[in-house]
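*Asks:* Can you read through this structure? Questions will come right after.
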Number of protein chains: 2
Amino acid sequence: MSLLTVGSVAFDAIETPFGKTDKIIGGAGTYIALASSFFKVEQKIVSVVGEDFPQSMLDQLSSLNVNLDGLQIKQGEKTFFWSGKYHNDMNSRDTLVTELNVLEHFDPIIPESYQGVDYLMLGNLSPQVQSTVIERLTKRPKLVAMDTMNFWMDIAMDDLKKTISMVDVLIINDEEARQLSGEYSLVKASKVIRALGPKYLIIKKGEHGALLFHNDNLFYAPALPLEEVFDPTGAGDTFAGGFMGYLASTDDISFDNMKRAIIHGSALASFCCEKFGTERLTTITNEDMSKRVEEFVSLANFDIVREIV
Amino acid sequence: MSLLTVGSVAFDAIETPFGKTDKIIGGAGTYIALASSFFKVEQKIVSVVGEDFPQSMLDQLSSLNVNLDGLQIKQGEKTFFWSGKYHNDMNSRDTLVTELNVLEHFDPIIPESYQGVDYLMLGNLSPQVQSTVIERLTKRPKLVAMDTMNFWMDIAMDDLKKTISMVDVLIINDEEARQLSGEYSLVKASKVIRALGPKYLIIKKGEHGALLFHNDNLFYAPALPLEEVFDPTGAGDTFAGGFMGYLASTDDISFDNMKRAIIHGSALASFCCEKFGTERLTTITNEDMSKRVEEFVSLANFDIVREIV
């Protein structure tokens, strides 16, 4: 199966209580593609970088079998840059710098070779760009998932709601779910949000795991408790990439398979937090992932012996 | 098997965004006994009330087969009273009134008929009272669990650490685990705390579930996402009571059985939040509990199909 990722390929500079980085490779599209490359899928990406973006990183994405036909390189322009600093609890961060650069006028061009793609993952970008991608696909993919952020809720709620109405799966965090719905209870929030269109809603709760809502089905995926969260940057995108990579590789969108997909996404996201940026994701193997998934099985698994009660 | 609960039997007055109560029956000992009464255990309680405590509530505890030989009724004195107000997010509360009354000079007397008890649950009380109970039992129970609060960490840390060193299972919430250990990461905190003595540590995370640590084993129990948390008062005690009631009734302290015990405790705690005080717990049946436990199975359960990945 094929998976199209739409998302930023960018530079990040990150500061955490454990240290700080220079400009390193980041961006939602990068993390999603890295995570989904752990699965047997035909990967395609729609994104944009400036002439300052290193060829070595593009080569690395190519080596992971990511088709780069839809990645535009803008001569004379600079790559999107984000810089942030995490607080001591690692659960909140301040944005220090946001330079939109090539993203300011990003027109997501879909190469002819991408048409007919099976699965679509829309990473966090302006809802306008996200909906344009859906409109430019001549055939509706089997499943369209999107991520977004509170930023778009603040400045473009109408556009955002329109885009949300066009997707099958919305992936947001708990704060965003509360802001989008105006409800504090996540159960109530999930009803309001699914009434906007998406049949599936995933609410990410960071160290507290993730919830999947679909009709009357509810799944609570744990997060792996970590000794140290070194750098959570990209963990949400890695989660989404693992989720969609698993779904596309198994080509099964049943609720039970979505549970498995979430566990794989969570396993990859837990690795992502162990080093700065993409460092950990680029060094682990499929065997590492499988072992981590087994840790999730033992972490969450229990059986109920009914007759004793 | 027999289970001895030590904990307050008290009056509460509660205010939440949904309303407020007059003086209603509360106290850790009450919630623990109510929750453990869902299991086939010989229940005993050590506690103290004033002459103002209604006989009807004592009769209710008796009707649940709770042996009240160790419940002292102090003539001329008043029952412990606590009043609190929950904030809009229901995750934090202010204490409005605390009248210690009979608890101020509480001497936990163990009736001879209680000696030889199999399981011991020490509800939140002064660590001095908790350790006195352990010392007064002529035979060490099979498993001793205790709950405590940040209050005792603030004013009696040395006494508290001494008591913690005497128990097998410590049950506290995430904030308390961080305060007790000085570590933000719950994985690190669990190591520091278990080094104080307890072989088992349960960290309650409210709406985010609970973690069980033992040696290298780790279990993440989800909490059932609720449409509305009406009143969380007593949910932690109900959890502990369900946990110990299940363990005592099955007489099995293996890690796998502790997982089941936590799920039963979580199921009962989820009911507790649905109405004010003990109201919901006193109206549900064992069948209701079993159905709720099944909801936890479907909430947390997943299987991994290895060959597809």
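For the structure tokens, the naming scheme is as follows: chains receive sequential letters (A, B, ...) according to their order of presentation, residues are indexed from 1 within each chain, and ligands are indexed from 1 in presentation order.
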Could you list, as a PyMOL selection string, the residues of chain A having an atom within 7 Å of chain B when counting only C-alpha atoms?
*Replies:* chain A and resi 39+185+187-188+208+218-222+225-228+250+259-260+299-304+308-309
*Asks:* Could you pull out the strand (DSSP E) residues of segment 131-286 of chain B from DSSP and send them as a PyMOL selection string?
*Replies:* chain B and resi 143-147+169-173+200-204+210-214+217-221
*Asks:* Could those residues be written to a file, using C-alpha atoms, as a PDB file, in the first residue's frame?
*Replies:*
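Writing the result to again38.pdb gives the following:
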```pdb
ATOM      1  CA  LEU B 143       0.167  -8.245  52.985  1.00  0.00           C
ATOM      2  CA  VAL B 144       0.177  -4.783  54.522  1.00  0.00           C
ATOM      3  CA  ALA B 145      -0.844  -1.843  52.323  1.00  0.00           C
ATOM      4  CA  MET B 146      -0.969   1.817  53.242  1.00  0.00           C
ATOM      5  CA  ASP B 147      -2.261   5.062  51.830  1.00  0.00           C
ATOM      6  CA  VAL B 169       2.397  -1.883  49.350  1.00  0.00           C
ATOM      7  CA  LEU B 170       2.360   1.907  49.287  1.00  0.00           C
ATOM      8  CA  ILE B 171      -0.567   3.562  47.486  1.00  0.00           C
ATOM      9  CA  ILE B 172      -0.141   7.273  46.731  1.00  0.00           C
ATOM     10  CA  ASN B 173      -0.884   9.689  43.922  1.00  0.00           C
ATOM     11  CA  TYR B 200       5.086  -2.775  45.711  1.00  0.00           C
ATOM     12  CA  LEU B 201       4.224   0.785  44.788  1.00  0.00           C
ATOM     13  CA  ILE B 202       0.957   1.949  43.276  1.00  0.00           C
ATOM     14  CA  ILE B 203       0.918   5.472  41.881  1.00  0.00           C
ATOM     15  CA  LYS B 204      -2.603   6.764  41.280  1.00  0.00           C
ATOM     16  CA  ALA B 210      -2.612   4.006  37.899  1.00  0.00           C
ATOM     17  CA  LEU B 211       0.855   2.449  37.770  1.00  0.00           C
ATOM     18  CA  LEU B 212       1.942  -0.655  39.684  1.00  0.00           C
ATOM     19  CA  PHE B 213       5.679  -1.171  40.246  1.00  0.00           C
ATOM     20  CA  HIS B 214       7.248  -4.367  41.591  1.00  0.00           C
ATOM     21  CA  ASN B 217       7.480  -5.436  36.527  1.00  0.00           C
ATOM     22  CA  LEU B 218       5.363  -2.487  35.539  1.00  0.00           C
ATOM     23  CA  PHE B 219       1.610  -2.339  34.929  1.00  0.00           C
ATOM     24  CA  TYR B 220      -0.319   0.641  33.582  1.00  0.00           C
ATOM     25  CA  ALA B 221      -4.015   0.433  34.457  1.00  0.00           C
TER      26      ALA B 221
END
```
*Asks:* Please provide chain A as a compact mmCIF listing (two decimals) with C-alpha atoms, in the first residue's frame, once it has been superposed on chain B by least squares across all sequentially paired Cα atoms.
*Replies:*
```txt
# COMPACT_ATOMS: atom_id res chain seq x y z
CA MET A 1 -9.70 -14.57 54.19
CA SER A 2 -9.94 -11.62 56.55
CA LEU A 3 -9.15 -7.97 55.86
CA LEU A 4 -8.59 -5.35 58.51
CA THR A 5 -9.21 -1.76 57.48
CA VAL A 6 -7.85 1.07 59.58
CA GLY A 7 -9.19 4.46 58.59
CA SER A 8 -11.43 7.37 59.42
CA VAL A 9 -15.19 7.05 59.61
CA ALA A 10 -16.27 10.63 59.32
CA PHE A 11 -18.53 13.41 58.11
CA ASP A 12 -17.82 15.26 54.86
CA ALA A 13 -19.39 18.33 53.31
CA ILE A 14 -18.58 18.61 49.63
CA GLU A 15 -18.98 21.34 47.06
CA THR A 16 -18.42 20.70 43.35
CA PRO A 17 -19.42 22.63 40.22
CA PHE A 18 -22.50 20.36 40.22
CA GLY A 19 -23.80 21.25 43.66
CA LYS A 20 -23.10 20.88 47.35
CA THR A 21 -23.97 18.50 50.15
CA ASP A 22 -24.82 18.89 53.83
CA LYS A 23 -22.83 16.74 56.22
CA ILE A 24 -22.72 13.30 54.67
CA ILE A 25 -20.96 10.10 55.66
CA GLY A 26 -17.37 9.87 54.51
CA GLY A 27 -13.91 8.92 55.66
CA ALA A 28 -11.23 6.66 54.23
CA GLY A 29 -12.30 3.72 56.42
CA THR A 30 -15.89 3.99 55.21
CA TYR A 31 -14.97 4.00 51.51
CA ILE A 32 -12.43 1.20 51.92
CA ALA A 33 -14.94 -0.97 53.77
CA LEU A 34 -17.73 -0.24 51.28
CA ALA A 35 -15.48 -1.12 48.35
CA SER A 36 -14.05 -4.28 49.88
CA SER A 37 -17.56 -5.45 50.80
CA PHE A 38 -18.02 -6.35 47.10
CA PHE A 39 -15.70 -9.32 47.72
CA LYS A 40 -16.00 -12.41 49.89
CA VAL A 41 -13.84 -11.34 52.78
CA GLU A 42 -14.21 -11.28 56.55
CA GLN A 43 -14.11 -7.56 57.15
CA LYS A 44 -12.90 -5.86 60.31
CA ILE A 45 -12.40 -2.17 60.97
CA VAL A 46 -10.39 -0.16 63.47
CA SER A 47 -11.67 3.39 63.71
CA VAL A 48 -13.27 5.97 65.97
CA VAL A 49 -16.41 8.13 65.82
CA GLY A 50 -18.13 10.55 68.19
CA GLU A 51 -21.55 10.19 69.80
CA ASP A 52 -22.99 12.26 66.93
CA PHE A 53 -22.42 9.47 64.42
CA PRO A 54 -25.70 7.96 63.15
CA GLN A 55 -26.46 4.42 64.26
CA SER A 56 -28.07 3.84 60.85
CA MET A 57 -24.68 4.11 59.13
CA LEU A 58 -23.10 1.74 61.63
CA ASP A 59 -25.98 -0.65 60.96
CA GLN A 60 -25.30 -0.33 57.26
CA LEU A 61 -21.64 -1.28 57.72
CA SER A 62 -22.75 -4.21 59.91
CA SER A 63 -25.18 -5.32 57.21
CA LEU A 64 -22.22 -5.48 54.80
CA ASN A 65 -20.64 -7.94 57.24
CA VAL A 66 -18.10 -5.46 58.55
CA ASN A 67 -17.11 -6.48 62.08
CA LEU A 68 -17.28 -3.28 64.17
CA ASP A 69 -15.62 -4.58 67.36
CA GLY A 70 -12.69 -2.25 66.69
CA LEU A 71 -14.80 0.85 66.03
CA GLN A 72 -14.70 3.05 69.12
CA ILE A 73 -17.64 5.36 69.88
CA LYS A 74 -16.45 8.26 72.05
CA GLN A 75 -19.20 9.64 74.27
CA GLY A 76 -19.13 13.43 74.64
CA GLU A 77 -16.96 13.81 71.56
CA LYS A 78 -17.60 14.66 67.93
CA THR A 79 -16.83 12.74 64.74
CA PHE A 80 -14.01 13.88 62.42
CA PHE A 81 -15.33 16.44 59.92
CA TRP A 82 -13.84 17.53 56.60
CA SER A 83 -15.25 20.02 54.15
CA GLY A 84 -13.86 20.80 50.72
CA LYS A 85 -14.60 22.54 47.47
CA TYR A 86 -13.54 21.23 44.07
CA HIS A 87 -12.34 23.53 41.30
CA ASN A 88 -13.91 23.50 37.89
CA ASP A 89 -11.48 20.96 36.45
CA MET A 90 -12.29 18.57 39.37
CA ASN A 91 -8.58 17.76 39.60
CA SER A 92 -7.85 20.09 42.48
CA ARG A 93 -9.71 21.12 45.59
CA ASP A 94 -9.50 23.46 48.55
CA THR A 95 -10.01 22.20 52.08
CA LEU A 96 -12.50 24.54 53.75
CA VAL A 97 -12.74 22.94 57.20
CA THR A 98 -10.86 20.19 59.03
CA GLU A 99 -12.12 19.35 62.54
CA LEU A 100 -10.03 16.49 63.89
CA ASN A 101 -12.31 15.90 66.91
CA VAL A 102 -12.07 12.21 67.89
CA LEU A 103 -9.08 11.70 65.61
CA GLU A 104 -6.93 14.12 67.62
CA HIS A 105 -6.04 11.54 70.28
CA PHE A 106 -7.00 8.38 68.43
CA ASP A 107 -5.51 5.26 70.00
CA PRO A 108 -6.11 2.36 67.59
CA ILE A 109 -7.14 -0.49 69.87
CA ILE A 110 -7.04 -3.94 68.29
CA PRO A 111 -9.73 -6.27 69.68
CA GLU A 112 -8.46 -9.75 70.51
CA SER A 113 -10.88 -11.13 67.89
CA TYR A 114 -8.95 -9.24 65.16
CA GLN A 115 -5.58 -10.90 65.89
CA GLY A 116 -4.37 -13.20 63.13
CA VAL A 117 -5.96 -11.10 60.39
CA ASP A 118 -4.71 -12.04 56.88
CA TYR A 119 -4.63 -8.69 55.08
CA LEU A 120 -4.22 -5.16 56.42
CA MET A 121 -5.19 -1.91 54.71
CA LEU A 122 -4.02 1.25 56.46
CA GLY A 123 -6.10 4.15 55.20
CA ASN A 124 -4.76 7.70 55.36
CA LEU A 125 -4.15 8.58 59.04
CA SER A 126 -1.19 9.85 61.00
CA PRO A 127 1.81 7.59 60.29
CA GLN A 128 2.15 7.16 64.06
CA VAL A 129 -1.31 5.59 64.27
CA GLN A 130 -0.59 3.45 61.21
CA SER A 131 2.66 2.05 62.62
CA THR A 132 1.05 1.45 66.01
CA VAL A 133 -1.50 -0.82 64.35
CA ILE A 134 1.22 -2.88 62.69
CA GLU A 135 3.08 -3.16 66.01
CA ARG A 136 -0.04 -4.25 67.87
CA LEU A 137 -0.76 -7.14 65.53
CA THR A 138 0.81 -10.23 67.07
CA LYS A 139 1.14 -11.94 63.69
CA ARG A 140 2.34 -10.14 60.58
CA PRO A 141 -0.47 -10.15 57.95
CA LYS A 142 0.26 -11.68 54.53
CA LEU A 143 0.16 -8.24 52.99
CA VAL A 144 0.16 -4.78 54.53
CA ALA A 145 -0.86 -1.85 52.33
CA MET A 146 -0.97 1.82 53.25
CA ASP A 147 -2.26 5.06 51.84
CA THR A 148 -0.99 8.46 52.95
CA MET A 149 -1.09 12.12 51.94
CA ASN A 150 1.16 15.10 51.21
CA PHE A 151 -0.05 16.55 54.55
CA TRP A 152 2.07 13.99 56.46
CA MET A 153 5.03 14.63 54.17
CA ASP A 154 4.82 18.30 55.13
CA ILE A 155 4.64 17.85 58.89
CA ALA A 156 5.88 14.35 59.82
CA MET A 157 8.27 13.08 57.14
CA ASP A 158 10.44 11.06 59.54
CA ASP A 159 7.49 9.26 61.13
CA LEU A 160 6.06 8.70 57.67
CA LYS A 161 9.26 7.15 56.30
CA LYS A 162 9.44 4.87 59.33
CA THR A 163 5.87 3.66 58.71
CA ILE A 164 6.47 3.29 54.97
CA SER A 165 9.45 1.06 55.76
CA MET A 166 7.07 -1.33 57.57
CA VAL A 167 4.58 -1.96 54.73
CA ASP A 168 4.50 -4.12 51.61
CA VAL A 169 2.40 -1.89 49.36
CA LEU A 170 2.36 1.91 49.29
CA ILE A 171 -0.57 3.56 47.49
CA ILE A 172 -0.14 7.27 46.73
CA ASN A 173 -0.88 9.70 43.92
CA ASP A 174 1.58 11.13 41.41
CA GLU A 175 2.07 14.45 43.18
CA GLU A 176 2.71 12.66 46.46
CA ALA A 177 5.17 10.29 44.78
CA ARG A 178 7.08 13.30 43.45
CA GLN A 179 7.08 15.05 46.81
CA LEU A 180 8.12 11.92 48.71
CA SER A 181 10.96 11.06 46.32
CA GLY A 182 12.11 14.46 45.13
CA GLU A 183 12.03 13.04 41.58
CA TYR A 184 9.77 14.27 38.79
CA SER A 185 10.00 11.12 36.66
CA LEU A 186 7.65 8.55 38.16
CA VAL A 187 10.01 5.75 37.11
CA LYS A 188 12.81 7.36 39.11
CA ALA A 189 10.43 8.20 41.95
CA SER A 190 9.34 4.57 42.15
CA LYS A 191 12.93 3.45 42.69
CA VAL A 192 13.56 5.96 45.45
CA ILE A 193 10.30 5.09 47.19
CA ARG A 194 10.72 1.33 46.96
CA ALA A 195 14.20 1.74 48.44
CA LEU A 196 12.39 3.00 51.57
CA GLY A 197 10.91 -0.45 52.07
CA PRO A 198 7.70 -1.27 50.16
CA LYS A 199 8.15 -4.02 47.56
CA TYR A 200 5.08 -2.77 45.72
CA LEU A 201 4.22 0.79 44.80
CA ILE A 202 0.95 1.95 43.28
CA ILE A 203 0.92 5.48 41.89
CA LYS A 204 -2.60 6.77 41.29
CA LYS A 205 -2.93 9.30 38.45
CA GLY A 206 -6.65 10.10 38.74
CA GLU A 207 -8.25 10.31 35.28
CA HIS A 208 -4.95 9.02 33.84
CA GLY A 209 -5.12 5.64 35.58
CA ALA A 210 -2.63 4.01 37.91
CA LEU A 211 0.84 2.46 37.78
CA LEU A 212 1.93 -0.65 39.68
CA PHE A 213 5.68 -1.16 40.25
CA HIS A 214 7.25 -4.36 41.59
CA ASN A 215 10.85 -5.38 40.89
CA ASP A 216 11.19 -4.96 37.12
CA ASN A 217 7.47 -5.43 36.54
CA LEU A 218 5.35 -2.48 35.55
CA PHE A 219 1.60 -2.34 34.93
CA TYR A 220 -0.32 0.65 33.60
CA ALA A 221 -4.02 0.44 34.47
CA PRO A 222 -6.22 2.88 32.57
CA ALA A 223 -8.95 4.91 34.21
CA LEU A 224 -12.34 4.75 32.56
CA PRO A 225 -12.90 8.05 30.75
CA LEU A 226 -16.09 9.48 32.25
CA GLU A 227 -18.58 11.82 30.67
CA GLU A 228 -18.78 13.66 33.97
CA VAL A 229 -16.78 13.42 37.18
CA PHE A 230 -19.50 14.40 39.61
CA ASP A 231 -17.55 14.09 42.86
CA PRO A 232 -14.14 12.39 43.18
CA THR A 233 -14.22 12.35 47.00
CA GLY A 234 -13.33 8.89 48.23
CA ALA A 235 -12.30 7.57 44.81
CA GLY A 236 -8.74 6.88 46.00
CA ASP A 237 -9.98 5.05 49.10
CA THR A 238 -12.50 3.12 47.03
CA PHE A 239 -9.68 2.12 44.69
CA ALA A 240 -7.60 0.90 47.66
CA GLY A 241 -10.57 -0.95 49.16
CA GLY A 242 -11.38 -2.68 45.89
CA PHE A 243 -7.72 -3.57 45.42
CA MET A 244 -7.32 -5.11 48.89
CA GLY A 245 -10.79 -6.69 48.89
CA TYR A 246 -10.00 -8.46 45.63
CA LEU A 247 -6.57 -9.62 46.85
CA ALA A 248 -7.97 -10.89 50.15
CA SER A 249 -10.89 -12.69 48.52
CA THR A 250 -8.62 -14.42 46.00
CA ASP A 251 -5.74 -14.82 48.51
CA ASP A 252 -3.21 -14.47 45.72
CA ILE A 253 -0.55 -11.76 45.76
CA SER A 254 1.10 -12.63 42.44
CA PHE A 255 1.80 -9.70 40.11
CA ASP A 256 -0.85 -10.92 37.66
CA ASN A 257 -3.46 -11.02 40.40
CA MET A 258 -2.46 -7.56 41.58
CA LYS A 259 -3.23 -6.36 38.06
CA ARG A 260 -6.74 -7.80 38.38
CA ALA A 261 -7.08 -6.27 41.82
CA ILE A 262 -6.16 -2.84 40.42
CA ILE A 263 -8.72 -3.18 37.65
CA HIS A 264 -11.42 -4.04 40.20
CA GLY A 265 -10.34 -1.11 42.36
CA SER A 266 -10.43 1.17 39.32
CA ALA A 267 -13.89 -0.07 38.34
CA LEU A 268 -15.29 0.67 41.80
CA ALA A 269 -13.53 4.05 41.90
CA SER A 270 -15.16 4.98 38.59
CA PHE A 271 -18.59 4.37 40.13
CA CYS A 272 -17.63 6.39 43.20
CA CYS A 273 -17.15 9.52 41.05
CA GLU A 274 -20.65 9.34 39.56
CA LYS A 275 -22.54 10.71 42.58
CA PHE A 276 -21.84 12.59 45.80
CA GLY A 277 -20.00 10.75 48.55
CA THR A 278 -20.86 7.09 49.07
CA GLU A 279 -24.22 7.36 47.27
CA ARG A 280 -23.28 5.45 44.13
CA LEU A 281 -21.28 2.75 45.92
CA THR A 282 -24.21 1.89 48.15
CA THR A 283 -26.56 1.31 45.22
CA ILE A 284 -24.51 -0.74 42.75
CA THR A 285 -24.49 -4.53 42.68
CA ASN A 286 -21.77 -7.10 42.08
CA GLU A 287 -23.19 -7.49 38.59
CA ASP A 288 -22.69 -3.77 37.97
CA MET A 289 -19.09 -4.15 39.07
CA SER A 290 -18.50 -7.12 36.76
CA LYS A 291 -19.95 -5.23 33.81
CA ARG A 292 -17.71 -2.26 34.55
CA VAL A 293 -14.69 -4.57 34.78
CA GLU A 294 -15.62 -5.88 31.31
CA GLU A 295 -15.57 -2.26 30.08
CA PHE A 296 -12.00 -2.03 31.34
CA VAL A 297 -11.11 -5.19 29.44
CA SER A 298 -12.39 -3.73 26.17
CA LEU A 299 -10.87 -0.34 27.00
CA ALA A 300 -7.33 -1.61 27.55
CA ASN A 301 -7.19 -4.85 25.64
CA PHE A 302 -5.29 -5.28 22.38
CA ASP A 303 -3.44 -8.04 20.64
CA ILE A 304 -0.39 -7.77 18.47
CA VAL A 305 -0.30 -9.68 15.20
CA ARG A 306 3.43 -10.11 14.78
CA GLU A 307 3.74 -11.67 11.34
CA ILE A 308 2.18 -8.71 9.51
CA VAL A 309 4.75 -6.18 10.64
```
*Asks:* Name the residues of segment 227-287 of chain A that come out as helix (DSSP H, G or I) in a backbone DSSP run; write them as a PDB file with C-alpha atoms, in the first residue's frame.
*Replies:*
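See selection.pdb below for the written result:
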```
ATOM      1  CA  ALA A 235       6.936  12.555  19.474  1.00  0.00           C
ATOM      2  CA  GLY A 236       3.402  13.424  18.346  1.00  0.00           C
ATOM      3  CA  ASP A 237       4.390  13.290  14.669  1.00  0.00           C
ATOM      4  CA  THR A 238       6.269  10.041  15.227  1.00  0.00           C
ATOM      5  CA  PHE A 239       3.147   8.623  16.864  1.00  0.00           C
ATOM      6  CA  ALA A 240       1.041   9.666  13.852  1.00  0.00           C
ATOM      7  CA  GLY A 241       3.608   8.276  11.404  1.00  0.00           C
ATOM      8  CA  GLY A 242       3.791   4.952  13.198  1.00  0.00           C
ATOM      9  CA  PHE A 243       0.007   4.799  13.367  1.00  0.00           C
ATOM     10  CA  MET A 244      -0.509   5.467   9.652  1.00  0.00           C
ATOM     11  CA  GLY A 245       2.505   3.393   8.582  1.00  0.00           C
ATOM     12  CA  TYR A 246       1.131   0.394  10.453  1.00  0.00           C
ATOM     13  CA  LEU A 247      -2.390   0.873   9.035  1.00  0.00           C
ATOM     14  CA  ALA A 248      -1.108   1.262   5.475  1.00  0.00           C
ATOM     15  CA  SER A 249       1.218  -1.733   5.711  1.00  0.00           C
ATOM     16  CA  THR A 250      -1.544  -3.972   7.078  1.00  0.00           C
ATOM     17  CA  PHE A 255     -10.978  -0.876  15.257  1.00  0.00           C
ATOM     18  CA  ASP A 256      -8.836  -3.767  16.506  1.00  0.00           C
ATOM     19  CA  ASN A 257      -6.148  -2.995  13.962  1.00  0.00           C
ATOM     20  CA  MET A 258      -6.261   0.686  14.859  1.00  0.00           C
ATOM     21  CA  LYS A 259      -5.463  -0.367  18.424  1.00  0.00           C
ATOM     22  CA  ARG A 260      -2.361  -2.167  17.149  1.00  0.00           C
ATOM     23  CA  ALA A 261      -1.461   0.830  15.033  1.00  0.00           C
ATOM     24  CA  ILE A 262      -1.668   3.106  18.091  1.00  0.00           C
ATOM     25  CA  ILE A 263       0.564   0.775  20.084  1.00  0.00           C
ATOM     26  CA  HIS A 264       3.160   0.820  17.292  1.00  0.00           C
ATOM     27  CA  GLY A 265       2.910   4.604  17.089  1.00  0.00           C
ATOM     28  CA  SER A 266       3.321   4.838  20.859  1.00  0.00           C
ATOM     29  CA  ALA A 267       6.338   2.525  20.798  1.00  0.00           C
ATOM     30  CA  LEU A 268       8.087   4.642  18.167  1.00  0.00           C
ATOM     31  CA  ALA A 269       7.147   7.858  19.994  1.00  0.00           C
ATOM     32  CA  SER A 270       8.726   6.504  23.177  1.00  0.00           C
ATOM     33  CA  PHE A 271      12.021   6.041  21.319  1.00  0.00           C
ATOM     34  CA  CYS A 272      11.747   9.534  19.854  1.00  0.00           C
ATOM     35  CA  ASN A 286      12.643  -3.022  13.382  1.00  0.00           C
ATOM     36  CA  GLU A 287      13.715  -5.507  16.033  1.00  0.00           C
TER      37      GLU A 287
END
```
